[in-house]
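Data from entry.tsv: TSV, C-alpha atoms and all ligand atoms
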chain	number	residue	atom	x	y	z
R	20	MET	CA	104.05	98.67	72.86
R	21	GLN	CA	100.81	96.93	72.08
R	22	SER	CA	100.01	95.42	75.45
R	23	GLN	CA	100.73	98.67	77.26
R	24	ILE	CA	98.38	100.63	75.05
R	25	SER	CA	95.59	98.22	75.69
R	26	ILE	CA	96.25	98.02	79.43
R	27	GLN	CA	96.30	101.80	79.52
R	28	GLU	CA	93.02	101.91	77.60
R	29	LEU	CA	91.39	99.37	79.88
R	30	ASP	CA	92.64	101.24	82.93
R	31	SER	CA	91.40	104.63	81.85
R	32	ARG	CA	88.08	103.28	80.60
R	33	TRP	CA	87.14	101.02	83.49
R	34	LEU	CA	88.73	102.35	86.64
R	35	MET	CA	87.53	105.35	88.58
R	36	SER	CA	89.93	108.21	87.97
R	37	THR	CA	91.33	108.27	91.48
R	38	TYR	CA	94.98	107.95	90.43
R	39	LYS	CA	97.08	109.82	87.91
R	40	ARG	CA	98.97	106.96	86.32
R	41	GLN	CA	102.49	107.16	85.07
R	42	LYS	CA	103.52	105.39	81.92
R	43	PRO	CA	105.63	102.34	82.71
R	44	LEU	CA	103.84	99.03	82.94
R	45	PHE	CA	105.83	97.10	85.50
R	46	VAL	CA	105.78	93.35	85.11
R	47	ARG	CA	108.44	92.11	87.51
R	48	GLY	CA	110.43	93.18	90.54
R	49	CYS	CA	113.65	91.97	92.12
R	50	GLY	CA	115.29	93.58	95.15
R	51	ALA	CA	115.50	97.34	94.62
R	52	TYR	CA	114.63	97.05	90.92
R	53	LEU	CA	111.40	97.07	88.96
R	54	TYR	CA	111.33	95.92	85.34
R	55	ASP	CA	108.91	97.26	82.77
R	56	GLU	CA	107.52	95.26	79.88
R	57	SER	CA	110.39	96.25	77.60
R	58	GLY	CA	112.80	94.77	80.15
R	59	LYS	CA	114.14	98.15	81.25
R	60	ALA	CA	115.33	98.20	84.87
R	61	HIS	CA	114.22	100.99	87.22
R	62	LEU	CA	115.89	101.55	90.55
R	63	ASP	CA	112.90	101.86	92.85
R	64	PHE	CA	113.06	104.70	95.38
R	65	VAL	CA	109.28	104.66	95.76
R	66	ALA	CA	109.03	101.02	96.87
R	67	GLY	CA	105.25	100.98	96.62
R	68	VAL	CA	105.21	104.13	98.78
R	69	ALA	CA	107.38	102.82	101.60
R	70	VAL	CA	105.72	99.41	101.42
R	71	CYS	CA	108.25	97.03	99.84
R	72	SER	CA	110.57	97.25	102.82
R	73	VAL	CA	112.56	94.08	102.08
R	74	GLY	CA	112.70	94.73	98.33
R	75	HIS	CA	110.66	93.17	95.58
R	76	CYS	CA	110.17	89.42	95.67
R	77	HIS	CA	112.56	88.70	98.51
R	78	PRO	CA	113.16	84.93	98.17
R	79	LEU	CA	112.27	84.13	101.78
R	80	LEU	CA	109.08	86.20	101.65
R	81	VAL	CA	108.08	84.55	98.36
R	82	LYS	CA	108.72	81.10	99.79
R	83	ARG	CA	106.79	81.66	103.01
R	84	LEU	CA	103.83	83.09	101.13
R	85	GLN	CA	103.87	80.25	98.60
R	86	ASP	CA	103.94	77.68	101.40
R	87	GLN	CA	101.14	79.43	103.27
R	88	THR	CA	99.02	79.74	100.11
R	89	GLY	CA	99.21	75.98	99.64
R	90	ARG	CA	98.37	75.27	103.27
R	91	LEU	CA	95.77	77.77	104.48
R	92	MET	CA	94.76	81.12	103.04
R	93	HIS	CA	91.88	82.35	105.16
R	94	VAL	CA	89.96	81.23	108.21
R	95	SER	CA	88.18	84.27	109.76
R	96	ASN	CA	88.64	85.72	113.19
R	97	LEU	CA	86.05	83.33	114.61
R	98	PHE	CA	88.93	80.90	115.08
R	99	LEU	CA	92.55	80.82	116.18
R	100	THR	CA	95.38	80.84	113.67
R	101	GLU	CA	99.07	80.39	114.36
R	102	PRO	CA	100.75	83.20	112.38
R	103	GLN	CA	98.37	85.83	113.76
R	104	ALA	CA	99.05	84.95	117.39
R	105	LYS	CA	102.79	84.75	116.78
R	106	LEU	CA	102.89	88.07	114.95
R	107	ALA	CA	100.98	89.80	117.75
R	108	ALA	CA	103.53	88.54	120.27
R	109	ARG	CA	106.48	89.60	118.08
R	110	LEU	CA	105.10	93.10	117.49
R	111	CYS	CA	104.51	93.63	121.22
R	112	GLU	CA	107.98	92.35	121.98
R	113	LEU	CA	109.52	94.79	119.49
R	114	SER	CA	107.49	97.80	120.60
R	115	GLY	CA	106.88	97.27	124.30
R	116	MET	CA	103.14	97.49	123.67
R	117	ASP	CA	100.63	95.10	125.30
R	118	ARG	CA	98.07	94.08	122.67
R	119	VAL	CA	97.37	94.26	118.93
R	120	PHE	CA	94.34	94.62	116.71
R	121	PHE	CA	94.97	93.60	113.10
R	122	CYS	CA	93.43	95.29	110.09
R	123	ASN	CA	94.17	95.65	106.39
R	124	SER	CA	95.39	99.21	105.86
R	125	GLY	CA	96.76	102.34	107.44
R	126	ALA	CA	93.41	104.11	107.45
R	127	GLU	CA	91.77	101.23	109.28
R	128	ALA	CA	94.60	101.17	111.81
R	129	CYS	CA	93.90	104.85	112.53
R	130	GLU	CA	90.14	104.25	112.75
R	131	THR	CA	90.86	101.59	115.36
R	132	ALA	CA	92.95	104.03	117.38
R	133	PHE	CA	90.14	106.63	117.23
R	134	LYS	CA	87.56	104.12	118.44
R	135	ILE	CA	89.82	103.10	121.32
R	136	ALA	CA	90.47	106.76	122.20
R	137	ARG	CA	86.76	107.60	122.20
R	138	LYS	CA	85.69	104.59	124.22
R	139	HIS	CA	88.55	105.06	126.66
R	140	ALA	CA	87.69	108.72	127.20
R	141	ARG	CA	84.00	107.87	127.62
R	142	TRP	CA	84.94	105.44	130.40
R	143	THR	CA	87.36	107.72	132.14
R	144	LYS	CA	85.87	111.18	131.56
R	145	GLY	CA	82.36	110.92	130.10
R	146	SER	CA	80.83	111.18	126.64
R	147	HIS	CA	81.74	114.85	126.11
R	148	ALA	CA	85.48	114.03	125.96
R	149	PHE	CA	85.90	113.01	122.36
R	150	GLU	CA	88.36	115.53	120.96
R	151	ILE	CA	91.49	114.35	119.18
R	152	VAL	CA	94.28	116.87	118.67
R	153	THR	CA	96.02	116.35	115.32
R	154	LEU	CA	98.59	118.19	113.20
R	155	TYR	CA	98.31	120.28	110.08
R	156	GLU	CA	100.02	118.69	107.08
R	157	SER	CA	99.38	115.26	108.53
R	158	PHE	CA	98.07	112.26	106.67
R	159	HIS	CA	96.09	109.42	108.19
R	160	GLY	CA	94.15	107.90	105.30
R	161	ARG	CA	90.99	108.30	103.24
R	162	THR	CA	88.16	106.77	105.26
R	163	MET	CA	85.85	109.33	106.89
R	164	GLY	CA	87.49	109.26	110.32
R	165	ALA	CA	91.05	109.17	109.00
R	166	LEU	CA	90.22	111.90	106.51
R	167	SER	CA	88.75	114.04	109.28
R	168	ALA	CA	92.02	113.58	111.20
R	169	THR	CA	94.12	114.54	108.19
R	170	GLY	CA	95.01	118.21	108.60
R	171	GLN	CA	94.85	119.06	104.89
R	172	PRO	CA	91.69	120.90	103.81
R	173	LYS	CA	92.23	120.03	100.14
R	174	TYR	CA	91.49	116.37	100.90
R	175	GLN	CA	88.59	117.15	103.21
R	176	GLU	CA	86.44	119.83	101.58
R	177	PRO	CA	84.64	117.70	98.96
R	178	PHE	CA	83.51	115.27	101.63
R	179	GLU	CA	82.24	117.54	104.37
R	180	PRO	CA	80.69	117.31	106.89
R	181	LEU	CA	83.62	115.66	108.60
R	182	VAL	CA	83.58	113.44	111.66
R	183	PRO	CA	83.52	115.94	114.55
R	184	GLY	CA	86.18	116.39	117.20
R	185	PHE	CA	89.48	116.61	115.33
R	186	LYS	CA	91.47	119.73	116.20
R	187	PRO	CA	94.60	120.36	114.12
R	188	VAL	CA	97.55	122.39	115.43
R	189	THR	CA	100.80	123.43	113.76
R	190	ARG	CA	103.69	120.97	113.91
R	191	ASN	CA	106.32	121.88	116.55
R	192	ASP	CA	104.26	124.79	117.91
R	193	LEU	CA	104.39	124.04	121.63
R	194	ASP	CA	102.05	126.86	122.63
R	195	ALA	CA	99.42	125.77	120.12
R	196	LEU	CA	99.65	122.25	121.49
R	197	ARG	CA	99.31	123.45	125.08
R	198	SER	CA	96.26	125.51	124.34
R	199	ALA	CA	94.58	122.74	122.30
R	200	ILE	CA	94.70	120.07	125.03
R	201	HIS	CA	92.21	120.19	127.89
R	202	GLU	CA	89.80	118.00	129.88
R	203	ARG	CA	87.75	117.09	126.81
R	204	THR	CA	90.77	115.79	124.91
R	205	ALA	CA	90.58	112.04	124.30
R	206	ALA	CA	93.86	111.74	122.41
R	207	VAL	CA	96.70	113.44	120.59
R	208	LEU	CA	97.54	111.99	117.18
R	209	ILE	CA	100.99	112.52	115.66
R	210	GLU	CA	103.06	111.03	112.85
R	211	PRO	CA	106.57	111.23	114.39
R	212	VAL	CA	107.78	111.87	110.85
R	213	GLN	CA	105.10	113.34	108.59
R	214	GLY	CA	105.44	111.38	105.37
R	215	GLU	CA	102.79	112.26	102.84
R	216	SER	CA	103.27	116.01	103.18
R	217	GLY	CA	107.01	115.81	102.41
R	218	VAL	CA	108.96	114.06	105.20
R	219	PHE	CA	108.87	116.49	108.13
R	220	PRO	CA	110.20	115.07	111.41
R	221	VAL	CA	108.33	116.32	114.46
R	222	SER	CA	110.69	117.82	117.04
R	223	VAL	CA	111.71	115.87	120.13
R	224	GLU	CA	110.45	118.75	122.33
R	225	PHE	CA	107.03	118.59	120.69
R	226	LEU	CA	106.77	114.82	121.14
R	227	ARG	CA	107.86	115.11	124.78
R	228	GLU	CA	105.40	117.90	125.47
R	229	ALA	CA	102.61	115.88	123.85
R	230	ARG	CA	103.48	112.95	126.14
R	231	ARG	CA	103.54	115.18	129.21
R	232	LEU	CA	100.22	116.86	128.38
R	233	CYS	CA	98.53	113.54	127.62
R	234	ASP	CA	99.63	112.26	131.03
R	235	GLU	CA	98.45	115.45	132.71
R	236	PHE	CA	95.00	115.41	131.09
R	237	GLY	CA	94.45	111.64	130.95
R	238	ALA	CA	94.49	111.58	127.14
R	239	LEU	CA	96.01	108.87	124.97
R	240	LEU	CA	99.05	109.59	122.85
R	241	ILE	CA	98.68	108.01	119.42
R	242	PHE	CA	101.65	107.71	117.09
R	243	ASP	CA	100.79	107.00	113.47
R	244	GLU	CA	103.81	104.99	112.35
R	245	VAL	CA	102.12	103.67	109.21
R	246	GLN	CA	104.87	105.15	107.05
R	247	CYS	CA	107.79	105.83	109.40
R	248	GLY	CA	107.55	102.57	111.36
R	249	MET	CA	108.93	99.06	110.81
R	250	GLY	CA	112.55	100.04	110.36
R	251	ARG	CA	112.13	102.83	107.83
R	252	THR	CA	114.04	105.41	109.93
R	253	GLY	CA	116.79	103.03	111.07
R	254	ARG	CA	114.93	102.04	114.25
R	255	TRP	CA	111.93	99.75	114.46
R	256	PHE	CA	109.78	102.76	115.29
R	257	ALA	CA	110.50	106.44	114.72
R	258	TRP	CA	109.51	107.37	118.28
R	259	GLU	CA	112.53	105.44	119.56
R	260	HIS	CA	114.76	108.26	118.26
R	261	ALA	CA	113.00	110.67	120.62
R	262	GLY	CA	112.58	108.21	123.49
R	263	VAL	CA	108.88	109.10	123.76
R	264	SER	CA	106.55	106.13	123.67
R	265	PRO	CA	102.86	106.19	122.77
R	266	ASP	CA	99.75	104.57	124.26
R	267	LEU	CA	98.53	103.60	120.80
R	268	MET	CA	100.50	103.05	117.63
R	269	THR	CA	99.39	102.34	114.08
R	270	LEU	CA	101.37	100.37	111.52
R	271	ALA	CA	100.71	99.33	107.93
R	272	LYS	CA	102.73	100.17	104.78
R	273	GLY	CA	106.07	98.38	105.36
R	274	LEU	CA	104.62	95.83	107.77
R	275	GLY	CA	103.77	93.18	105.19
R	276	GLY	CA	106.55	93.99	102.73
R	277	GLY	CA	103.94	94.32	99.95
R	278	PHE	CA	101.16	92.18	101.39
R	279	PRO	CA	98.28	94.34	102.69
R	280	VAL	CA	98.26	94.30	106.47
R	281	GLY	CA	97.93	96.93	109.19
R	282	CYS	CA	97.51	97.00	112.92
R	283	CYS	CA	96.88	99.14	115.94
R	284	LEU	CA	98.96	98.37	119.03
R	285	ALA	CA	97.96	99.50	122.50
R	286	LYS	CA	99.52	99.75	125.91
R	287	GLY	CA	98.11	99.76	129.43
R	288	GLU	CA	94.42	100.54	129.91
R	289	SER	CA	93.90	101.31	126.28
R	290	ALA	CA	94.87	97.72	125.39
R	291	ASP	CA	91.78	96.44	127.22
R	292	THR	CA	89.34	99.07	125.97
R	293	LEU	CA	87.90	97.15	123.03
R	294	GLN	CA	85.78	94.19	124.08
R	295	PRO	CA	83.91	91.50	122.10
R	296	GLY	CA	81.55	93.13	119.63
R	297	ASP	CA	83.26	96.53	119.67
R	298	HIS	CA	85.36	96.14	116.55
R	299	GLY	CA	86.40	93.64	113.93
R	300	SER	CA	87.35	92.95	110.35
R	301	THR	CA	86.72	89.96	108.13
R	302	PHE	CA	90.04	89.77	106.33
R	303	ALA	CA	92.21	91.20	109.08
R	304	GLY	CA	95.25	89.33	110.29
R	305	ASN	CA	94.61	86.40	108.00
R	306	PRO	CA	97.32	83.76	107.67
R	307	MET	CA	98.75	85.25	104.45
R	308	ALA	CA	99.03	88.77	105.84
R	309	THR	CA	100.46	87.68	109.15
R	310	ILE	CA	102.97	85.19	107.74
R	311	ALA	CA	104.13	88.02	105.44
R	312	ALA	CA	104.69	90.37	108.38
R	313	LEU	CA	106.38	87.69	110.48
R	314	THR	CA	108.75	87.04	107.59
R	315	VAL	CA	109.45	90.75	107.08
R	316	ILE	CA	110.46	91.00	110.75
R	317	GLU	CA	112.66	87.92	110.38
R	318	ILE	CA	114.39	89.39	107.31
R	319	ILE	CA	114.92	92.79	108.93
R	320	GLU	CA	116.59	91.03	111.86
R	321	SER	CA	118.65	88.46	109.98
R	322	GLU	CA	119.91	90.95	107.40
R	323	ASP	CA	120.50	93.70	109.95
R	324	LEU	CA	118.34	96.11	107.96
R	325	LEU	CA	117.88	98.65	110.73
R	326	ALA	CA	121.61	99.36	110.68
R	327	ASN	CA	121.56	99.28	106.89
R	328	ALA	CA	118.72	101.82	106.70
R	329	ALA	CA	120.57	104.12	109.08
R	330	GLU	CA	123.89	103.81	107.25
R	331	ILE	CA	122.66	104.03	103.66
R	332	GLY	CA	120.29	106.81	104.68
R	333	ARG	CA	123.19	108.80	106.08
R	334	TYR	CA	125.18	108.24	102.89
R	335	LEU	CA	122.24	109.44	100.75
R	336	GLN	CA	121.62	112.53	102.88
R	337	ASP	CA	125.32	113.48	102.82
R	338	ALA	CA	125.54	112.95	99.07
R	339	LEU	CA	122.40	115.02	98.49
R	340	LEU	CA	123.83	117.87	100.54
R	341	THR	CA	126.86	118.00	98.21
R	342	PHE	CA	124.43	118.71	95.34
R	343	LYS	CA	123.79	122.02	97.00
R	344	ALA	CA	127.49	122.93	96.84
R	345	ASP	CA	127.32	122.04	93.15
R	346	GLY	CA	124.73	124.73	92.59
R	347	LEU	CA	121.68	122.48	92.31
R	348	PRO	CA	118.49	124.00	93.73
R	349	ILE	CA	118.25	122.04	96.96
R	350	GLN	CA	116.84	123.92	99.93
R	351	GLU	CA	117.22	121.24	102.56
R	352	VAL	CA	117.42	117.50	103.08
R	353	ARG	CA	115.11	116.11	105.75
R	354	GLY	CA	114.34	112.80	107.36
R	355	MET	CA	115.89	109.80	109.04
R	356	GLY	CA	117.19	106.50	107.74
R	357	LEU	CA	115.63	105.63	104.41
R	358	MET	CA	112.80	108.13	104.74
R	359	ILE	CA	114.20	111.21	103.06
R	360	GLY	CA	112.61	114.41	101.82
R	361	VAL	CA	114.54	116.64	99.44
R	362	GLY	CA	113.19	120.17	99.67
R	363	LEU	CA	113.79	122.13	96.47
R	364	GLN	CA	114.26	125.85	96.00
R	365	GLU	CA	111.89	125.89	93.04
R	366	PRO	CA	108.74	124.03	92.00
R	367	ALA	CA	110.67	121.48	89.92
R	368	ALA	CA	109.80	118.22	91.72
R	369	ARG	CA	107.59	116.79	88.99
R	370	ASP	CA	110.06	117.62	86.22
R	371	ILE	CA	112.96	116.11	88.13
R	372	ALA	CA	110.96	112.96	88.87
R	373	GLN	CA	110.10	112.69	85.18
R	374	HIS	CA	113.76	113.05	84.14
R	375	ALA	CA	114.77	110.50	86.77
R	376	LEU	CA	112.16	108.07	85.45
R	377	GLU	CA	113.63	108.36	81.97
R	378	LEU	CA	117.08	107.64	83.41
R	379	GLY	CA	115.80	104.57	85.27
R	380	LEU	CA	115.21	105.91	88.79
R	381	LEU	CA	111.79	106.08	90.41
R	382	VAL	CA	111.30	108.92	92.90
R	383	ASN	CA	108.10	110.38	94.24
R	384	PRO	CA	107.36	114.09	93.91
R	385	VAL	CA	105.31	115.38	96.85
R	386	GLY	CA	103.69	118.59	95.76
R	387	ASP	CA	105.86	120.84	93.59
R	388	GLU	CA	108.84	121.32	95.87
R	389	THR	CA	109.71	118.02	97.52
R	390	LEU	CA	111.09	114.70	96.34
R	391	ARG	CA	110.40	111.79	98.66
R	392	LEU	CA	112.93	108.96	98.74
R	393	VAL	CA	111.72	105.77	100.43
R	394	PRO	CA	113.70	102.89	98.86
R	395	PRO	CA	113.67	99.33	100.21
R	396	LEU	CA	115.56	98.88	103.49
R	397	THR	CA	117.70	96.31	101.66
R	398	LEU	CA	119.25	99.02	99.47
R	399	THR	CA	122.99	98.49	99.01
R	400	ARG	CA	125.69	101.14	98.99
R	401	GLU	CA	126.28	100.46	95.30
R	402	GLU	CA	122.59	100.96	94.47
R	403	ALA	CA	122.55	104.14	96.53
R	404	GLU	CA	125.54	105.46	94.58
R	405	LYS	CA	123.82	104.68	91.29
R	406	ALA	CA	120.72	106.50	92.43
R	407	ILE	CA	122.76	109.55	93.41
R	408	VAL	CA	124.34	109.69	89.95
R	409	MET	CA	120.94	109.46	88.25
R	410	LEU	CA	119.29	111.94	90.59
R	411	LYS	CA	122.05	114.45	90.01
R	412	GLN	CA	121.72	114.07	86.27
R	413	ALA	CA	117.94	114.43	86.55
R	414	MET	CA	118.31	117.61	88.57
R	415	GLN	CA	120.81	119.04	86.12
R	416	SER	CA	118.43	118.52	83.22
R	417	GLY	CA	115.41	119.44	85.31
R	418	VAL	CA	116.42	123.01	85.99
H	1	LIG	C1	99.70	105.96	103.96
H	1	LIG	C2	99.39	106.43	105.32
H	1	LIG	C3	98.14	106.16	105.93
H	1	LIG	C4	97.02	105.50	105.19
H	1	LIG	O1	97.31	104.18	104.85
H	1	LIG	P1	96.38	103.40	103.80
H	1	LIG	O2	96.92	102.00	103.85
H	1	LIG	O3	96.56	104.07	102.47
H	1	LIG	O4	95.00	103.49	104.30
H	1	LIG	C5	97.96	106.56	107.23
H	1	LIG	N1	98.92	107.17	107.92
H	1	LIG	C6	100.13	107.44	107.38
H	1	LIG	C7	101.16	108.12	108.20
H	1	LIG	C8	100.40	107.10	106.06
H	1	LIG	O5	101.57	107.40	105.52

Please render this file's structure as structure tokens.
Ligand SMILES: *Cc1c(COP(=O)(O)O)cnc(C)c1O
Amino acid sequence: MQSQISIQELDSRWLMSTYKRQKPLFVRGCGAYLYDESGKAHLDFVAGVAVCSVGHCHPLLVKRLQDQTGRLMHVSNLFLTEPQAKLAARLCELSGMDRVFFCNSGAEACETAFKIARKHARWTKGSHAFEIVTLYESFHGRTMGALSATGQPKYQEPFEPLVPGFKPVTRNDLDALRSAIHERTAAVLIEPVQGESGVFPVSVEFLREARRLCDEFGALLIFDEVQCGMGRTGRWFAWEHAGVSPDLMTLAKGLGGGFPVGCCLAKGESADTLQPGDHGSTFAGNPMATIAALTVIEIIESEDLLANAAEIGRYLQDALLTFKADGLPIQEVRGMGLMIGVGLQEPAARDIAQHALELGLLVNPVGDETLRLVPPLTLTREEAEKAIVMLKQAMQSGV
């Protein structure tokens, strides 16, 4: 198609080559479907990488954003605005946290948490206490601090030297955790469900032990819920499943339902650590971003999407497990709610994703051996059944 060729040419000529693009040129979205320029429908199990939590172009979200665009788009944090204050209150109400700092992305949310952890430790223990214990196979973003926290050398090596102080340990290794935390530890940083590396839930024992050790050593427990938060796992926040609550929590991806917005929430002392002049962001928490997030929360509540995510997620996981009985090369099915990782027995993830794309289903291969399924939380049973049929067909032709 003519326009696609020229868009593709423009893209590859004028953008930095940071992304490997796939073919379809999407021009429209509706609910769980994306439509390419030929009009072909694709059932979207990527959802902008766990971003489009209430589906594409949800009518209420569109309306609220249209209204806000016509009224007030940006003011700056030098002044008060209504949606920002209301969103902060709602997020604290939902999470039990005390205060919020808004930002524009997941990486910035993590940077905020690191700054709070460092300043807090400096107050309480002195300037030598700046270590942050992290996990291998984690992902926290691409800015220098977030990259330094990301326990994946392949992302880090080209950009060394890293920000000092991040100490990765192996997920669910209690002894490694115990020996990594000491008096100089400012914080422990964990994604309760590791998303980017293939949907690996962290064990309840590990989360509990992290909480206990942070309390013992006066360190802050940071949960990065950028991907697993905001209803994705069938609860507002993934830590609710384990009953272990953090001192700091980061959110982004699903928070704005497609509008860029992130935040760092804090509880107790850590909520009062940042003072005027310590931190800020020009765009952060602007009326568009915050009205989007307020509306996403309203939709999740009014459409009972937490229960839906839990129920449809269970259906998908059960259906995927039957593939195994049918001789398809599935090793295991991981995750919670609508955050699902399908571990394969062979490095076929990219091929399967390609076959699925041709059939009209978008899934995200993570490495060679995992498929990540993160559809909108609005996914219906019927759509889930369709996806299962297509995924099965894709796996049968992919192996
Ligand atoms: C995606 C992600 C980030 C980074 O978010 P950006 O908005 O891309 O900066 C951080 N943490 C987790 C857990 C993520 O999944």

Minimum-distance residue to ligand LIG 1 (chain H), chosen among R:Val73, R:Cys122, R:Ala51, R:Met35 (using all atoms listed in the file): R:Cys122

Collect all residues with atoms no farther than 6 Å from ligand LIG 1 (chain H), counting all atoms listed in the file, and output them as a list in words. Ser124, Gly125, Ala126, Phe158, His159, Gly160, Glu210, Gly214, Glu215, Asp243, Glu244, Val245 and Gln246 of chain R

So which one's closest to Glu401 of chain R, R:Ile26, R:Ile349, R:Val263, R:Leu62? Using only C-alpha atoms, please.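 Answer, going by the shortest atom-to-atom distance: R:Leu62.
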
Closest pair table for segment 71-183 of chain R residues within 12 Å of segment 321-342 of chain R, only C-alpha atoms, as a Markdown table:
| residue | atom | partner | partner_atom | distance |
| --- | --- | --- | --- | --- |
| R:Ser72 | CA | R:Leu324 | CA | 9.4 |
| R:Val73 | CA | R:Leu324 | CA | 8.5 |
| R:Gly74 | CA | R:Leu324 | CA | 11.2 |
| R:His77 | CA | R:Glu322 | CA | 11.8 |
| R:Leu79 | CA | R:Ser321 | CA | 11.3 |

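Proximity to His147 of chain R was assessed for R:Phe98, R:Ala205, R:Asp117, R:Ala303 counting only C-alpha atoms; the smallest distance is recorded for R:Ala205.
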
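Note that atom CA of Glu377 of chain R and atom CA of Ala60 of chain R are 10.7 Å apart.
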
In terms of the shortest atom-to-atom distance over only C-alpha atoms, which of R:Ala285, R:Leu357, R:Ala367, R:Val223 is closest to Ala403 of chain R?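 Among the listed residues, R:Leu357 lies closest to Ala403 of chain R.
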
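Note that atom CA of Glu56 of chain R and atom CA of Gln85 of chain R are 24.3 Å apart.
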
Can you tell me how far atom CA of Ile318 of chain R sits from atom CA of Val221 of chain R, in Å to one decimal?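 Answer for the atom CA of Ile318 of chain R to atom CA of Val221 of chain R separation: 28.5 Å.
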
Could you check which residues have any atom within 6 Å of (95.4, 96.4, 123.4), counting all atoms listed in the file with coordinates taken straight from the file, and then list them as a PyMOL selection string? chain R and resi 117-119+284-286+289-291

Find the residues near Leu53 of chain R: any atom within 12 Å, counting all atoms listed in the file, skip ones fewer than 2 places away on the same chain, and give them as a VMD selection string. chain R and resid 43 to 51 55 to 67 71 74 to 76 376 379 to 381 394 to 395

May I have a table of the residues of segment 50-142 of chain R lying at most 9 Å from segment 304-315 of chain R, giving each one's closest pair of atoms and their distance in Å to one decimal, counting all atoms listed in the file, ordered by chain and ascending residue number, as a tab-separated table?
residue	atom	partner	partner_atom	distance
R:Ser72	CA	R:Val315	CA	7.9
R:Val73	CA	R:Val315	CA	6.8
R:Leu79	CA	R:Thr314	CA	7.4
R:Leu80	CA	R:Thr314	CA	6.0
R:Val81	CA	R:Ala311	CA	8.8
R:Arg83	CA	R:Ile310	CA	7.0
R:Leu84	CA	R:Met307	CA	6.4
R:Gln87	CA	R:Met307	CA	6.4
R:Thr88	CA	R:Met307	CA	7.0
R:Leu91	CA	R:Pro306	CA	7.0
R:Met92	CA	R:Pro306	CA	5.9
R:His93	CA	R:Asn305	CA	5.6
R:Val94	CA	R:Asn305	CA	7.0
R:Ser95	CA	R:Asn305	CA	7.0
R:Asn96	CA	R:Asn305	CA	7.9
R:Thr100	CA	R:Pro306	CA	6.9
R:Glu101	CA	R:Pro306	CA	7.7
R:Pro102	CA	R:Ile310	CA	5.5
R:Gln103	CA	R:Thr309	CA	5.4
R:Ala104	CA	R:Thr309	CA	8.8
R:Lys105	CA	R:Leu313	CA	7.8
R:Leu106	CA	R:Leu313	CA	5.7
R:Ala107	CA	R:Thr309	CA	8.9
R:Arg109	CA	R:Leu313	CA	7.8
R:Leu110	CA	R:Leu313	CA	8.9
R:Phe120	CA	R:Gly304	CA	8.4
R:Phe121	CA	R:Gly304	CA	5.1
R:Cys122	CA	R:Gly304	CA	6.2
R:Asn123	CA	R:Gly304	CA	7.5

With a distance cut-off of 10 Å and all atoms listed in the file, select the neighbouring residues of Pro180 of chain R, excluding the residue or stretch itself and same-chain residues fewer than 3 positions from it, and output the selection as a VMD selection string. chain R and resid 163 167 175 to 177 183

Ranking R:Gly164, R:Gly217, R:Pro78, R:Gly262 by minimum distance to Pro384 of chain R and counting all atoms listed in the file, which one comes first?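 Using all atoms listed in the file, the shortest distance to Pro384 of chain R belongs to R:Gly217.
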
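Point (96.0, 104.1, 121.8) has the following residues at most 8 Å away: Ala132, Phe133, Ile135, Ala136, Ala206, Leu239, Leu240, Ile241, Pro265, Asp266, Leu267, Met268, Cys283, Leu284, Ala285, Lys286, Ser289 and Ala290 of chain R (atoms considered: only C-alpha atoms).
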
So, counting all atoms listed in the file, which residue among R:Lys138, R:Lys42, R:Arg161, R:Arg251 is closest to Met355 of chain R?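 Once distances to Met355 of chain R are computed over all atoms listed in the file, the minimum belongs to R:Arg251.
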